[in-house]
file protein-v7.txt (compact mmCIF, C-alpha atoms and all ligand atoms)
# COMPACT_ATOMS: atom_id res chain seq x y z
CA MET A 19 0.00 0.00 0.00
CA ARG A 20 1.37 3.42 -0.79
CA GLU A 21 0.10 6.91 -0.97
CA ARG A 22 1.22 9.92 -2.86
CA ARG A 23 -0.13 13.18 -4.12
CA ALA A 24 -1.63 13.11 -7.55
CA SER A 25 0.06 15.11 -10.27
CA ALA A 26 -1.79 16.22 -13.38
CA VAL A 27 -0.31 13.24 -15.20
CA ASP A 28 -1.73 10.86 -12.61
CA ARG A 29 -5.23 12.23 -12.75
CA ASP A 30 -6.53 9.73 -15.24
CA ILE A 31 -5.11 6.87 -13.16
CA LEU A 32 -6.89 8.25 -10.12
CA GLN A 33 -10.16 8.48 -11.95
CA LEU A 34 -9.87 4.91 -13.07
CA ASN A 35 -8.70 3.44 -9.80
CA VAL A 36 -10.66 5.48 -7.34
CA ASP A 37 -12.75 2.53 -6.20
CA PHE A 38 -9.84 0.37 -5.18
CA ASN A 39 -9.54 -0.44 -1.53
CA CYS A 40 -5.89 -1.36 -1.68
CA GLY A 41 -4.80 2.16 -2.65
CA ARG A 42 -2.48 0.79 -5.30
CA TRP A 43 -1.83 2.28 -8.68
CA CYS A 44 -2.71 -0.66 -10.84
CA GLU A 45 -0.46 0.18 -13.71
CA SER A 46 2.70 0.26 -11.68
CA CYS A 47 1.70 -2.55 -9.34
CA GLU A 48 3.97 -5.59 -9.33
CA LYS A 49 1.02 -7.64 -8.13
CA PHE A 50 -1.10 -6.66 -11.12
CA PHE A 51 -1.42 -10.22 -12.38
CA ASP A 52 -2.05 -11.59 -8.87
CA CYS A 53 -4.98 -9.25 -8.34
CA ASP A 54 -8.40 -10.75 -8.93
CA ASP A 55 -10.30 -7.46 -8.96
CA PRO A 56 -11.78 -7.16 -12.45
CA LYS A 57 -11.48 -3.38 -12.22
CA ARG A 58 -7.77 -3.67 -12.83
CA PHE A 59 -8.58 -4.11 -16.51
CA MET A 60 -9.67 -0.48 -16.55
CA ILE A 61 -6.04 0.47 -17.04
CA TYR A 62 -6.45 -0.55 -20.66
CA GLU A 63 -8.73 2.42 -21.08
CA ARG A 64 -5.85 4.77 -20.37
CA ARG A 65 -4.66 6.93 -23.22
CA ARG A 66 -1.13 5.52 -23.26
CA MET A 67 -2.32 1.94 -23.28
CA GLN A 68 -4.58 2.76 -26.20
CA LYS A 69 -1.69 4.48 -27.91
CA ALA A 70 0.47 1.38 -27.48
CA ARG A 71 -2.21 -0.77 -29.05
CA GLU A 72 -2.35 1.62 -31.97
CA ALA A 73 1.45 1.72 -32.34
CA LEU A 74 1.62 -2.08 -32.27
CA SER A 75 -1.45 -2.69 -34.38
CA GLN A 76 0.53 -3.74 -37.45
CA VAL A 77 2.82 -6.12 -35.59
CA LYS A 78 1.63 -9.65 -36.24
CA TYR A 79 3.28 -11.68 -33.49
CA LYS A 80 4.47 -10.22 -30.21
CA ILE A 81 6.69 -12.65 -28.32
CA PRO A 82 8.23 -11.79 -24.95
CA VAL A 83 11.35 -13.83 -24.14
CA ALA A 84 11.73 -14.45 -20.42
CA GLY A 85 14.00 -16.35 -18.09
CA GLY A 86 14.25 -16.16 -14.36
CA LYS A 87 17.94 -15.55 -13.89
CA GLY A 88 20.41 -13.22 -15.57
CA GLY A 89 23.15 -14.69 -17.72
CA VAL A 90 21.21 -17.70 -19.01
CA GLY A 91 21.37 -16.39 -22.58
CA LYS A 92 18.02 -14.65 -22.92
CA SER A 93 19.36 -11.73 -24.94
CA THR A 94 21.59 -13.99 -27.03
CA THR A 95 18.67 -16.30 -27.76
CA THR A 96 16.38 -13.36 -28.58
CA ALA A 97 18.97 -11.94 -30.97
CA ASN A 98 19.53 -15.32 -32.63
CA LEU A 99 15.81 -16.06 -32.95
CA GLY A 100 15.43 -12.60 -34.50
CA MET A 101 18.24 -13.27 -36.97
CA GLY A 102 16.90 -16.71 -37.85
CA LEU A 103 13.46 -15.26 -38.50
CA ALA A 104 14.92 -12.39 -40.53
CA MET A 105 16.94 -14.89 -42.61
CA ARG A 106 13.62 -16.41 -43.62
CA GLY A 107 12.36 -13.07 -44.83
CA HIS A 108 10.32 -12.09 -41.80
CA LYS A 109 10.30 -8.48 -40.67
CA VAL A 110 11.58 -8.50 -37.11
CA THR A 111 11.77 -5.87 -34.39
CA ILE A 112 13.62 -6.55 -31.15
CA LEU A 113 12.65 -4.54 -28.09
CA ASP A 114 15.40 -4.62 -25.49
CA GLN A 115 13.55 -4.19 -22.20
CA ASP A 116 16.62 -4.86 -20.07
CA PHE A 117 17.30 -1.23 -19.19
CA ASP A 118 20.16 -2.00 -16.77
CA GLY A 119 21.86 -4.50 -19.02
CA ALA A 120 20.88 -3.52 -22.55
CA CYS A 121 23.13 -5.62 -24.76
CA ILE A 122 21.13 -6.33 -27.93
CA PRO A 123 22.83 -3.42 -29.80
CA LYS A 124 26.28 -4.81 -29.01
CA MET A 125 25.27 -8.33 -29.98
CA LEU A 126 23.95 -7.07 -33.32
CA GLY A 127 26.91 -4.78 -33.97
CA ILE A 128 24.90 -1.53 -33.86
CA LEU A 129 26.05 -0.05 -30.56
CA GLU A 130 27.32 3.09 -32.27
CA LYS A 131 23.97 3.90 -33.86
CA ARG A 132 21.70 6.37 -32.08
CA MET A 133 17.94 6.18 -31.89
CA GLU A 134 16.24 9.18 -33.41
CA MET A 135 12.94 10.86 -32.93
CA CYS A 136 10.68 12.46 -35.48
CA PRO A 137 7.49 14.43 -34.75
CA GLN A 138 5.45 11.21 -35.01
CA GLY A 139 7.58 9.28 -32.53
CA LEU A 140 10.71 7.19 -31.91
CA LEU A 141 12.44 5.54 -34.84
CA PRO A 142 13.98 2.12 -34.19
CA VAL A 143 17.60 1.61 -35.20
CA GLU A 144 18.19 -0.68 -38.15
CA GLY A 145 20.44 -3.69 -37.58
CA PRO A 146 21.68 -6.62 -39.65
CA LEU A 147 19.20 -8.39 -41.95
CA GLY A 148 16.86 -5.43 -41.62
CA ILE A 149 16.13 -6.13 -37.95
CA HIS A 150 14.75 -3.09 -36.11
CA VAL A 151 16.00 -2.50 -32.59
CA LEU A 152 14.68 -0.43 -29.72
CA SER A 153 17.13 -0.28 -26.88
CA MET A 154 18.46 2.01 -24.16
CA GLY A 155 21.85 0.94 -25.53
CA ASN A 156 21.13 3.11 -28.58
CA ILE A 157 20.02 6.07 -26.46
CA LEU A 158 22.47 6.20 -23.56
CA LYS A 159 26.23 6.26 -24.03
CA ASN A 160 28.09 3.13 -23.01
CA GLU A 161 29.70 4.93 -20.05
CA ASP A 162 26.37 6.36 -18.79
CA VAL A 163 25.16 4.68 -15.61
CA LEU A 164 21.56 5.55 -14.88
CA THR A 165 19.95 4.59 -11.63
CA TRP A 166 16.56 3.49 -12.80
CA PHE A 167 13.83 4.01 -10.25
CA HIS A 168 10.41 2.51 -10.48
CA ASP A 169 8.55 5.35 -12.20
CA MET A 170 11.39 5.95 -14.66
CA ARG A 171 11.23 2.30 -15.68
CA ARG A 172 7.53 2.49 -16.16
CA GLY A 173 7.90 5.73 -18.13
CA ALA A 174 10.57 4.26 -20.41
CA THR A 175 8.46 1.17 -21.07
CA GLU A 176 5.51 3.40 -21.94
CA GLU A 177 7.65 5.54 -24.24
CA PHE A 178 8.99 2.56 -26.13
CA LEU A 179 5.65 0.86 -26.54
CA SER A 180 3.41 3.86 -27.11
CA HIS A 181 5.58 6.28 -29.04
CA THR A 182 7.52 4.15 -31.48
CA LEU A 183 6.85 3.96 -35.17
CA PHE A 184 6.87 0.16 -35.31
CA GLY A 185 5.23 0.01 -38.71
CA LYS A 186 4.27 -3.25 -40.36
CA ARG A 187 6.29 -6.08 -38.81
CA ASP A 188 5.91 -9.85 -38.62
CA PHE A 189 7.53 -10.26 -35.21
CA LEU A 190 8.22 -8.18 -32.13
CA LEU A 191 10.60 -10.09 -29.87
CA VAL A 192 10.85 -8.57 -26.41
CA ASP A 193 14.00 -9.31 -24.45
CA LEU A 194 12.62 -9.09 -20.91
CA PRO A 195 14.86 -8.35 -17.94
CA PRO A 196 15.58 -11.19 -15.52
CA GLY A 197 13.02 -11.78 -12.82
CA THR A 198 9.33 -11.30 -12.44
CA SER A 199 9.08 -7.84 -10.91
CA SER A 200 7.98 -4.44 -12.15
CA ASP A 201 9.78 -4.22 -15.52
CA THR A 202 8.47 -7.56 -16.63
CA VAL A 203 4.97 -6.93 -15.32
CA ASN A 204 4.91 -3.45 -16.91
CA THR A 205 5.83 -4.89 -20.28
CA LEU A 206 3.40 -7.79 -20.16
CA GLN A 207 0.57 -5.40 -19.26
CA PHE A 208 1.22 -3.59 -22.54
CA LEU A 209 1.06 -6.80 -24.56
CA PRO A 210 -2.31 -8.36 -23.71
CA ASP A 211 -2.52 -9.76 -27.24
CA ALA A 212 0.96 -11.32 -27.25
CA ALA A 213 1.25 -14.49 -29.34
CA GLY A 214 2.98 -16.17 -26.42
CA MET A 215 6.01 -16.17 -24.19
CA VAL A 216 9.22 -18.07 -24.79
CA VAL A 217 11.05 -19.12 -21.62
CA VAL A 218 14.82 -19.57 -21.65
CA THR A 219 16.71 -21.55 -19.02
CA ILE A 220 20.03 -23.29 -18.70
CA PRO A 221 19.75 -26.95 -17.66
CA SER A 222 20.71 -26.50 -14.00
CA GLN A 223 18.00 -26.83 -11.36
CA VAL A 224 18.94 -23.42 -9.96
CA SER A 225 18.12 -21.67 -13.26
CA GLN A 226 15.17 -23.89 -14.05
CA GLY A 227 13.55 -23.17 -10.66
CA ILE A 228 13.64 -19.43 -11.31
CA ALA A 229 12.51 -19.78 -14.94
CA TYR A 230 9.49 -21.63 -13.52
CA LYS A 231 8.43 -18.33 -11.91
CA ALA A 232 8.60 -16.52 -15.25
CA ALA A 233 6.38 -19.22 -16.74
CA MET A 234 3.96 -18.88 -13.82
CA LEU A 235 3.80 -15.13 -14.37
CA ALA A 236 2.82 -15.71 -18.00
CA LYS A 237 0.09 -18.07 -16.83
CA LYS A 238 -1.17 -15.49 -14.36
CA ALA A 239 -1.17 -12.90 -17.12
CA GLY A 240 -3.30 -15.25 -19.19
CA MET A 241 -0.52 -15.38 -21.74
CA ARG A 242 0.16 -18.49 -23.77
CA ILE A 243 3.61 -20.02 -23.31
CA LEU A 244 5.01 -21.07 -26.67
CA GLY A 245 7.57 -23.21 -24.93
CA VAL A 246 10.85 -23.60 -23.11
CA ILE A 247 14.34 -23.37 -24.63
CA GLU A 248 17.28 -25.05 -22.90
CA ASN A 249 20.30 -22.87 -23.62
CA MET A 250 23.94 -23.75 -22.87
CA SER A 251 22.93 -27.35 -23.17
CA GLY A 252 26.27 -29.11 -23.44
CA TYR A 253 29.59 -27.70 -24.56
CA ILE A 254 30.89 -28.70 -27.97
CA CYS A 255 34.69 -28.89 -27.83
CA GLU A 256 36.21 -26.86 -30.67
CA ALA A 257 39.21 -29.20 -30.85
CA CYS A 258 37.62 -32.66 -30.80
CA GLY A 259 33.91 -31.98 -31.41
CA GLY A 260 33.01 -33.96 -28.26
CA ILE A 261 30.18 -32.74 -26.01
CA GLU A 262 30.27 -32.13 -22.27
CA TYR A 263 27.20 -31.24 -20.23
CA ILE A 264 28.74 -28.56 -18.03
CA PHE A 265 25.40 -27.25 -16.68
CA GLN A 266 23.77 -30.71 -16.75
CA LYS A 267 21.12 -31.76 -19.23
CA GLY A 268 17.36 -32.00 -19.39
CA GLY A 269 16.39 -29.07 -17.14
CA GLY A 270 14.53 -27.31 -19.95
CA GLU A 271 12.56 -30.41 -20.82
CA PHE A 272 11.76 -30.98 -17.16
CA LEU A 273 10.48 -27.40 -16.82
CA ALA A 274 8.36 -27.72 -19.96
CA GLU A 275 6.74 -30.86 -18.58
CA GLU A 276 6.25 -29.26 -15.19
CA VAL A 277 4.34 -26.29 -16.60
CA ASP A 278 2.77 -28.39 -19.34
CA VAL A 279 4.05 -26.46 -22.33
CA PRO A 280 6.06 -27.56 -25.39
CA PHE A 281 9.79 -28.08 -25.15
CA LEU A 282 11.27 -26.08 -28.03
CA GLY A 283 14.80 -27.43 -28.08
CA ARG A 284 18.39 -27.22 -26.85
CA ILE A 285 21.03 -24.74 -27.90
CA PRO A 286 24.56 -25.94 -27.09
CA LEU A 287 27.32 -23.84 -25.59
CA ASP A 288 29.51 -22.73 -28.44
CA ALA A 289 32.52 -20.48 -27.89
CA ARG A 290 31.99 -18.95 -31.34
CA LEU A 291 28.56 -17.81 -30.18
CA THR A 292 30.09 -15.89 -27.25
CA ARG A 293 32.68 -14.33 -29.54
CA ALA A 294 30.08 -13.44 -32.17
CA ALA A 295 27.98 -11.68 -29.52
CA ASP A 296 31.05 -9.76 -28.32
CA HIS A 297 31.98 -8.69 -31.84
CA GLY A 298 28.46 -7.91 -33.02
CA THR A 299 28.52 -10.66 -35.63
CA PRO A 300 25.08 -12.11 -36.45
CA PHE A 301 25.90 -15.68 -35.36
CA VAL A 302 23.05 -17.64 -36.95
CA HIS A 303 23.85 -15.98 -40.25
CA ALA A 304 27.65 -16.13 -40.06
CA PHE A 305 27.84 -19.70 -38.67
CA ALA A 306 24.79 -21.13 -40.36
CA GLU A 307 26.23 -24.67 -40.37
CA SER A 308 26.98 -24.79 -36.63
CA GLU A 309 24.96 -27.07 -34.35
CA ALA A 310 23.83 -24.02 -32.37
CA SER A 311 22.45 -22.32 -35.52
CA LYS A 312 20.69 -25.50 -36.59
CA ALA A 313 19.17 -25.73 -33.11
CA VAL A 314 17.94 -22.13 -33.37
CA HIS A 315 16.30 -22.90 -36.72
CA GLN A 316 14.61 -26.02 -35.32
CA ILE A 317 13.27 -23.94 -32.46
CA ILE A 318 11.96 -21.37 -34.94
CA ASP A 319 10.26 -24.18 -36.90
CA ARG A 320 8.51 -25.28 -33.70
CA ILE A 321 7.47 -21.75 -32.80
CA LEU A 322 6.13 -21.08 -36.31
CA ALA A 323 4.31 -24.40 -36.31
CA GLN A 324 2.58 -23.36 -33.11
CA LEU A 325 1.69 -19.99 -34.53
CA GLY A 326 0.07 -21.79 -37.41
CA ASP A 327 2.47 -20.21 -39.84
CA ASN A 328 3.91 -21.85 -42.91
CA ILE A 329 7.07 -23.53 -41.64
CA GLN A 330 8.56 -23.73 -45.09
CA ARG A 331 11.61 -21.52 -45.07
CA ARG A 332 11.19 -18.58 -47.32
CA ASN A 333 13.89 -18.39 -49.89
CA ALA A 334 14.87 -14.98 -48.74
CA ASP A 335 18.04 -13.75 -50.24
CA THR A 336 19.77 -12.80 -47.01
CA ALA A 337 22.65 -11.15 -48.81
CA ALA A 338 20.21 -8.84 -50.60
CA LEU A 339 18.51 -8.11 -47.28
CA ALA A 340 21.81 -7.21 -45.64
CA GLU A 341 22.73 -5.04 -48.63
CA GLU A 342 19.38 -3.28 -48.46
CA ALA A 343 19.93 -2.63 -44.74
CA GLU A 344 23.39 -1.29 -45.53
CA THR A 345 22.10 1.18 -48.12
CA ARG A 346 19.52 2.51 -45.68
CA LYS A 347 22.23 3.45 -43.12
P1 LIG A 401 20.93 -12.92 -20.30
O1 LIG A 401 20.29 -12.08 -21.35
O2 LIG A 401 20.09 -14.08 -19.89
O3 LIG A 401 21.43 -12.12 -19.13
P2 LIG A 401 23.08 -13.17 -22.23
O4 LIG A 401 22.32 -13.46 -23.45
O5 LIG A 401 23.60 -11.77 -22.05
O6 LIG A 401 22.25 -13.60 -20.94
O7 LIG A 401 24.27 -14.21 -22.18
C1 LIG A 401 25.29 -14.16 -21.19
C2 LIG A 401 26.62 -14.53 -21.85
O8 LIG A 401 26.58 -15.89 -22.28
C3 LIG A 401 26.97 -13.69 -23.06
O9 LIG A 401 28.33 -13.42 -23.04
C4 LIG A 401 26.60 -14.59 -24.25
O10 LIG A 401 27.41 -14.33 -25.37
C5 LIG A 401 26.90 -15.98 -23.68
N1 LIG A 401 26.05 -17.05 -24.25
C6 LIG A 401 24.72 -17.15 -24.20
N2 LIG A 401 24.29 -18.30 -24.78
C7 LIG A 401 25.41 -18.94 -25.20
C8 LIG A 401 25.65 -20.19 -25.87
N3 LIG A 401 24.66 -21.01 -26.22
N4 LIG A 401 26.96 -20.51 -26.16
C9 LIG A 401 27.96 -19.69 -25.80
N5 LIG A 401 27.80 -18.52 -25.17
C10 LIG A 401 26.54 -18.14 -24.86
call {"tool": "encode", "arguments": {"input": "protein-v7.txt", "output": "structure tokens"}}
result
Amino acid sequence: MRERRASAVDRDILQLNVDFNCGRWCESCEKFFDCDDPKRFMIYERRRMQKAREALSQVKYKIPVAGGKGGVGKSTTTANLGMGLAMRGHKVTILDQDFDGACIPKMLGILEKRMEMCPQGLLPVEGPLGIHVLSMGNILKNEDVLTWFHDMRRGATEEFLSHTLFGKRDFLLVDLPPGTSSDTVNTLQFLPDAAGMVVVTIPSQVSQGIAYKAAMLAKKAGMRILGVIENMSGYICEACGGIEYIFQKGGGEFLAEEVDVPFLGRIPLDARLTRAADHGTPFVHAFAESEASKAVHQIIDRILAQLGDNIQRRNADTAALAEEAETRK
């Protein structure tokens, strides 16, 4: 429970939430999806929520990518799924919601690009294979350290989702921050029509136990879970090609069974993948024959199959796509 004086900006929230006994501000409430008061849905009548719906109206599939813990490869997996989809000719936008640890721009080699604004709204940065990116990493300088407080986080989420010129896109992949608190809840609130969440975990029980919470949050939000990906599933030795299960094996499958959702597949640990992310090389494109890239494509097949899309790969000429992106710089 918290109280504060209402500013002009808050007035519409007050009007909507005046009947609540708990005194909470629904929109910024971490317990939003726990609350069983139907009045909480009134937040969707707010101007900014409506604006977000409008801005996202031409985006076909919105897919948040979650994982309980940091460092399990959520951003890497989001970037690689985005690249794999773009290689098939899909129009992809990646929204980097990890404000504290925005690393999608670095992984896609576009850290130097700056996001711009026109009178109609924010313009995403263009990355490899025509992927559009929205990230704090393309707004703040690398050396900037911002202390993000609750309302700032909410405000930034609203800005990204309500005031961006998304345009006509096939996929919006949202790289959620680790955990199940305000940033994640804020974002999910804005995506009530998401196609489904993808949950990333490494095989260990420690990671899997926390990823379970992300899956539970999706269930509470009434959001479909497209499935679980087990990342860092075995290390492929560069010298001998042998595989070692450093973080164990099977945790992703176990989690999928536990929450009764599809298991989407395993992505192995591959040192080239780490290096590619560090150098901004689009891994799935540059190392198309690697086991990790093949795994990413199998996962995409399973996701598309669930979305009812045609799983036949489009014969997109990726070189032409990259060239087109280059000329637009
Ligand atoms: P998260 O977004 O969950 O915090 P990241 O995607 O930033 O995690 O990944 C953490 C680190 O692990 C990065 O350096 C990334 O390059 C590396 N990484 C992720 N997945 C793999 C993988 N399958 N093989 C090798 N390195 C990986």
call {"tool": "closest_atom_pairs", "arguments": {"input": "protein-v7.txt", "of": "chain A", "to": "ligand LIG 401 (chain A)", "cutoff": "9 Å", "atoms": "all atoms listed in the file", "output": "JSON lines"}}
result
{"residue": "A:Ala84", "atom": "CA", "partner": "A:LIG401", "partner_atom": "O2", "distance": 8.4}
{"residue": "A:Gly85", "atom": "CA", "partner": "A:LIG401", "partner_atom": "O2", "distance": 6.7}
{"residue": "A:Gly86", "atom": "CA", "partner": "A:LIG401", "partner_atom": "O2", "distance": 8.3}
{"residue": "A:Lys87", "atom": "CA", "partner": "A:LIG401", "partner_atom": "O2", "distance": 6.5}
{"residue": "A:Gly88", "atom": "CA", "partner": "A:LIG401", "partner_atom": "O3", "distance": 3.9}
{"residue": "A:Gly89", "atom": "CA", "partner": "A:LIG401", "partner_atom": "O3", "distance": 3.4}
{"residue": "A:Val90", "atom": "CA", "partner": "A:LIG401", "partner_atom": "O2", "distance": 3.9}
{"residue": "A:Gly91", "atom": "CA", "partner": "A:LIG401", "partner_atom": "O4", "distance": 3.2}
{"residue": "A:Lys92", "atom": "CA", "partner": "A:LIG401", "partner_atom": "O2", "distance": 3.7}
{"residue": "A:Ser93", "atom": "CA", "partner": "A:LIG401", "partner_atom": "O1", "distance": 3.7}
{"residue": "A:Thr94", "atom": "CA", "partner": "A:LIG401", "partner_atom": "O4", "distance": 3.7}
{"residue": "A:Thr95", "atom": "CA", "partner": "A:LIG401", "partner_atom": "O4", "distance": 6.3}
{"residue": "A:Thr96", "atom": "CA", "partner": "A:LIG401", "partner_atom": "O4", "distance": 7.8}
{"residue": "A:Ala97", "atom": "CA", "partner": "A:LIG401", "partner_atom": "O4", "distance": 8.4}
{"residue": "A:Asp116", "atom": "CA", "partner": "A:LIG401", "partner_atom": "O1", "distance": 8.2}
{"residue": "A:Gly119", "atom": "CA", "partner": "A:LIG401", "partner_atom": "O3", "distance": 7.6}
{"residue": "A:Ala120", "atom": "CA", "partner": "A:LIG401", "partner_atom": "O1", "distance": 8.7}
{"residue": "A:Cys121", "atom": "CA", "partner": "A:LIG401", "partner_atom": "O5", "distance": 6.7}
{"residue": "A:Ile122", "atom": "CA", "partner": "A:LIG401", "partner_atom": "O5", "distance": 8.4}
{"residue": "A:Met125", "atom": "CA", "partner": "A:LIG401", "partner_atom": "O10", "distance": 7.9}
{"residue": "A:Asp193", "atom": "CA", "partner": "A:LIG401", "partner_atom": "O1", "distance": 7.5}
{"residue": "A:Leu194", "atom": "CA", "partner": "A:LIG401", "partner_atom": "O1", "distance": 8.2}
{"residue": "A:Pro195", "atom": "CA", "partner": "A:LIG401", "partner_atom": "O1", "distance": 7.4}
{"residue": "A:Pro196", "atom": "CA", "partner": "A:LIG401", "partner_atom": "O2", "distance": 6.9}
{"residue": "A:Val218", "atom": "CA", "partner": "A:LIG401", "partner_atom": "O2", "distance": 7.8}
{"residue": "A:Thr219", "atom": "CA", "partner": "A:LIG401", "partner_atom": "O2", "distance": 8.2}
{"residue": "A:Ile220", "atom": "CA", "partner": "A:LIG401", "partner_atom": "N2", "distance": 8.9}
{"residue": "A:Asn249", "atom": "CA", "partner": "A:LIG401", "partner_atom": "N3", "distance": 5.4}
{"residue": "A:Met250", "atom": "CA", "partner": "A:LIG401", "partner_atom": "N3", "distance": 4.4}
{"residue": "A:Ser251", "atom": "CA", "partner": "A:LIG401", "partner_atom": "N3", "distance": 7.2}
{"residue": "A:Gly252", "atom": "CA", "partner": "A:LIG401", "partner_atom": "N3", "distance": 8.7}
{"residue": "A:Tyr253", "atom": "CA", "partner": "A:LIG401", "partner_atom": "N4", "distance": 7.8}
{"residue": "A:Arg284", "atom": "CA", "partner": "A:LIG401", "partner_atom": "N3", "distance": 8.8}
{"residue": "A:Ile285", "atom": "CA", "partner": "A:LIG401", "partner_atom": "N3", "distance": 5.5}
{"residue": "A:Pro286", "atom": "CA", "partner": "A:LIG401", "partner_atom": "N3", "distance": 5.0}
{"residue": "A:Leu287", "atom": "CA", "partner": "A:LIG401", "partner_atom": "N4", "distance": 3.4}
{"residue": "A:Asp288", "atom": "CA", "partner": "A:LIG401", "partner_atom": "N4", "distance": 4.1}
{"residue": "A:Ala289", "atom": "CA", "partner": "A:LIG401", "partner_atom": "C9", "distance": 5.1}
{"residue": "A:Arg290", "atom": "CA", "partner": "A:LIG401", "partner_atom": "C9", "distance": 6.9}
{"residue": "A:Leu291", "atom": "CA", "partner": "A:LIG401", "partner_atom": "C9", "distance": 4.8}
{"residue": "A:Thr292", "atom": "CA", "partner": "A:LIG401", "partner_atom": "O10", "distance": 3.6}
{"residue": "A:Arg293", "atom": "CA", "partner": "A:LIG401", "partner_atom": "O10", "distance": 6.7}
{"residue": "A:Ala294", "atom": "CA", "partner": "A:LIG401", "partner_atom": "O10", "distance": 7.4}
{"residue": "A:Ala295", "atom": "CA", "partner": "A:LIG401", "partner_atom": "O10", "distance": 5.0}
{"residue": "A:Asp296", "atom": "CA", "partner": "A:LIG401", "partner_atom": "O10", "distance": 6.5}
{"residue": "A:Ala310", "atom": "CA", "partner": "A:LIG401", "partner_atom": "N3", "distance": 6.9}
call {"tool": "atom_distance", "arguments": {"input": "protein-v7.txt", "atom1": "atom CA of Leu126 of chain A", "atom2": "atom CA of Thr205 of chain A"}}
result
22.4 Å
call {"tool": "residues_around", "arguments": {"input": "protein-v7.txt", "residues": "Arg172 of chain A", "least_positions_apart": "3", "cutoff": "7 Å", "atoms": "only C-alpha atoms", "output": "list of chain:residue names"}}
result
A:Ser46, A:His168, A:Asp169, A:Thr175, A:Glu176, A:Asn204
call {"tool": "residues_around", "arguments": {"input": "protein-v7.txt", "residues": "segment 313-318 of chain A", "least_positions_apart": "6", "cutoff": "10 Å", "atoms": "only C-alpha atoms", "output": "ChimeraX atom specification"}}
result
/A:95,98-103,105-106,245-247,249,281-286,302,306,324,329,331
call {"tool": "residues_around", "arguments": {"input": "protein-v7.txt", "residues": "Gly173 of chain A", "least_positions_apart": "3", "cutoff": "12 Å", "atoms": "all atoms listed in the file", "output": "ChimeraX atom specification"}}
result
/A:27,45-46,66,117,166-170,176-181,200-201,204-205
call {"tool": "build_atoms", "arguments": {"input": "protein-v7.txt", "residues": "segment 191-201 of chain A", "atoms": "N, CA, C and O atoms", "output": "PDB file, in the frame of the given file"}}
result
ATOM      1  N   LEU A 191      10.030  -9.265 -30.930  1.00  0.00           N
ATOM      2  CA  LEU A 191      10.600 -10.090 -29.870  1.00  0.00           C
ATOM      3  C   LEU A 191      11.008  -9.158 -28.736  1.00  0.00           C
ATOM      4  O   LEU A 191      11.711  -8.171 -28.967  1.00  0.00           O
ATOM      5  N   VAL A 192      10.536  -9.449 -27.537  1.00  0.00           N
ATOM      6  CA  VAL A 192      10.850  -8.570 -26.410  1.00  0.00           C
ATOM      7  C   VAL A 192      11.808  -9.283 -25.470  1.00  0.00           C
ATOM      8  O   VAL A 192      11.465 -10.308 -24.865  1.00  0.00           O
ATOM      9  N   ASP A 193      13.001  -8.749 -25.364  1.00  0.00           N
ATOM     10  CA  ASP A 193      14.000  -9.310 -24.450  1.00  0.00           C
ATOM     11  C   ASP A 193      13.706  -8.755 -23.060  1.00  0.00           C
ATOM     12  O   ASP A 193      14.056  -7.621 -22.741  1.00  0.00           O
ATOM     13  N   LEU A 194      13.026  -9.554 -22.244  1.00  0.00           N
ATOM     14  CA  LEU A 194      12.620  -9.090 -20.910  1.00  0.00           C
ATOM     15  C   LEU A 194      13.812  -9.122 -19.972  1.00  0.00           C
ATOM     16  O   LEU A 194      14.726  -9.929 -20.141  1.00  0.00           O
ATOM     17  N   PRO A 195      13.785  -8.277 -18.937  1.00  0.00           N
ATOM     18  CA  PRO A 195      14.860  -8.350 -17.940  1.00  0.00           C
ATOM     19  C   PRO A 195      14.695  -9.610 -17.095  1.00  0.00           C
ATOM     20  O   PRO A 195      13.621 -10.216 -17.099  1.00  0.00           O
ATOM     21  N   PRO A 196      15.746 -10.014 -16.382  1.00  0.00           N
ATOM     22  CA  PRO A 196      15.580 -11.190 -15.520  1.00  0.00           C
ATOM     23  C   PRO A 196      14.560 -10.909 -14.430  1.00  0.00           C
ATOM     24  O   PRO A 196      14.352  -9.751 -14.054  1.00  0.00           O
ATOM     25  N   GLY A 197      13.929 -11.942 -13.950  1.00  0.00           N
ATOM     26  CA  GLY A 197      13.020 -11.780 -12.820  1.00  0.00           C
ATOM     27  C   GLY A 197      11.586 -11.528 -13.219  1.00  0.00           C
ATOM     28  O   GLY A 197      11.255 -11.419 -14.406  1.00  0.00           O
ATOM     29  N   THR A 198      10.763 -11.412 -12.191  1.00  0.00           N
ATOM     30  CA  THR A 198       9.330 -11.300 -12.440  1.00  0.00           C
ATOM     31  C   THR A 198       8.751 -10.038 -11.784  1.00  0.00           C
ATOM     32  O   THR A 198       7.595  -9.995 -11.415  1.00  0.00           O
ATOM     33  N   SER A 199       9.599  -9.033 -11.585  1.00  0.00           N
ATOM     34  CA  SER A 199       9.080  -7.840 -10.910  1.00  0.00           C
ATOM     35  C   SER A 199       8.658  -6.763 -11.900  1.00  0.00           C
ATOM     36  O   SER A 199       8.340  -7.066 -13.052  1.00  0.00           O
ATOM     37  N   SER A 200       8.705  -5.498 -11.444  1.00  0.00           N
ATOM     38  CA  SER A 200       7.980  -4.440 -12.150  1.00  0.00           C
ATOM     39  C   SER A 200       8.240  -4.337 -13.657  1.00  0.00           C
ATOM     40  O   SER A 200       7.299  -4.203 -14.430  1.00  0.00           O
ATOM     41  N   ASP A 201       9.504  -4.402 -14.082  1.00  0.00           N
ATOM     42  CA  ASP A 201       9.780  -4.220 -15.520  1.00  0.00           C
ATOM     43  C   ASP A 201       9.053  -5.248 -16.357  1.00  0.00           C
ATOM     44  O   ASP A 201       8.500  -4.939 -17.409  1.00  0.00           O
TER      45      ASP A 201
END
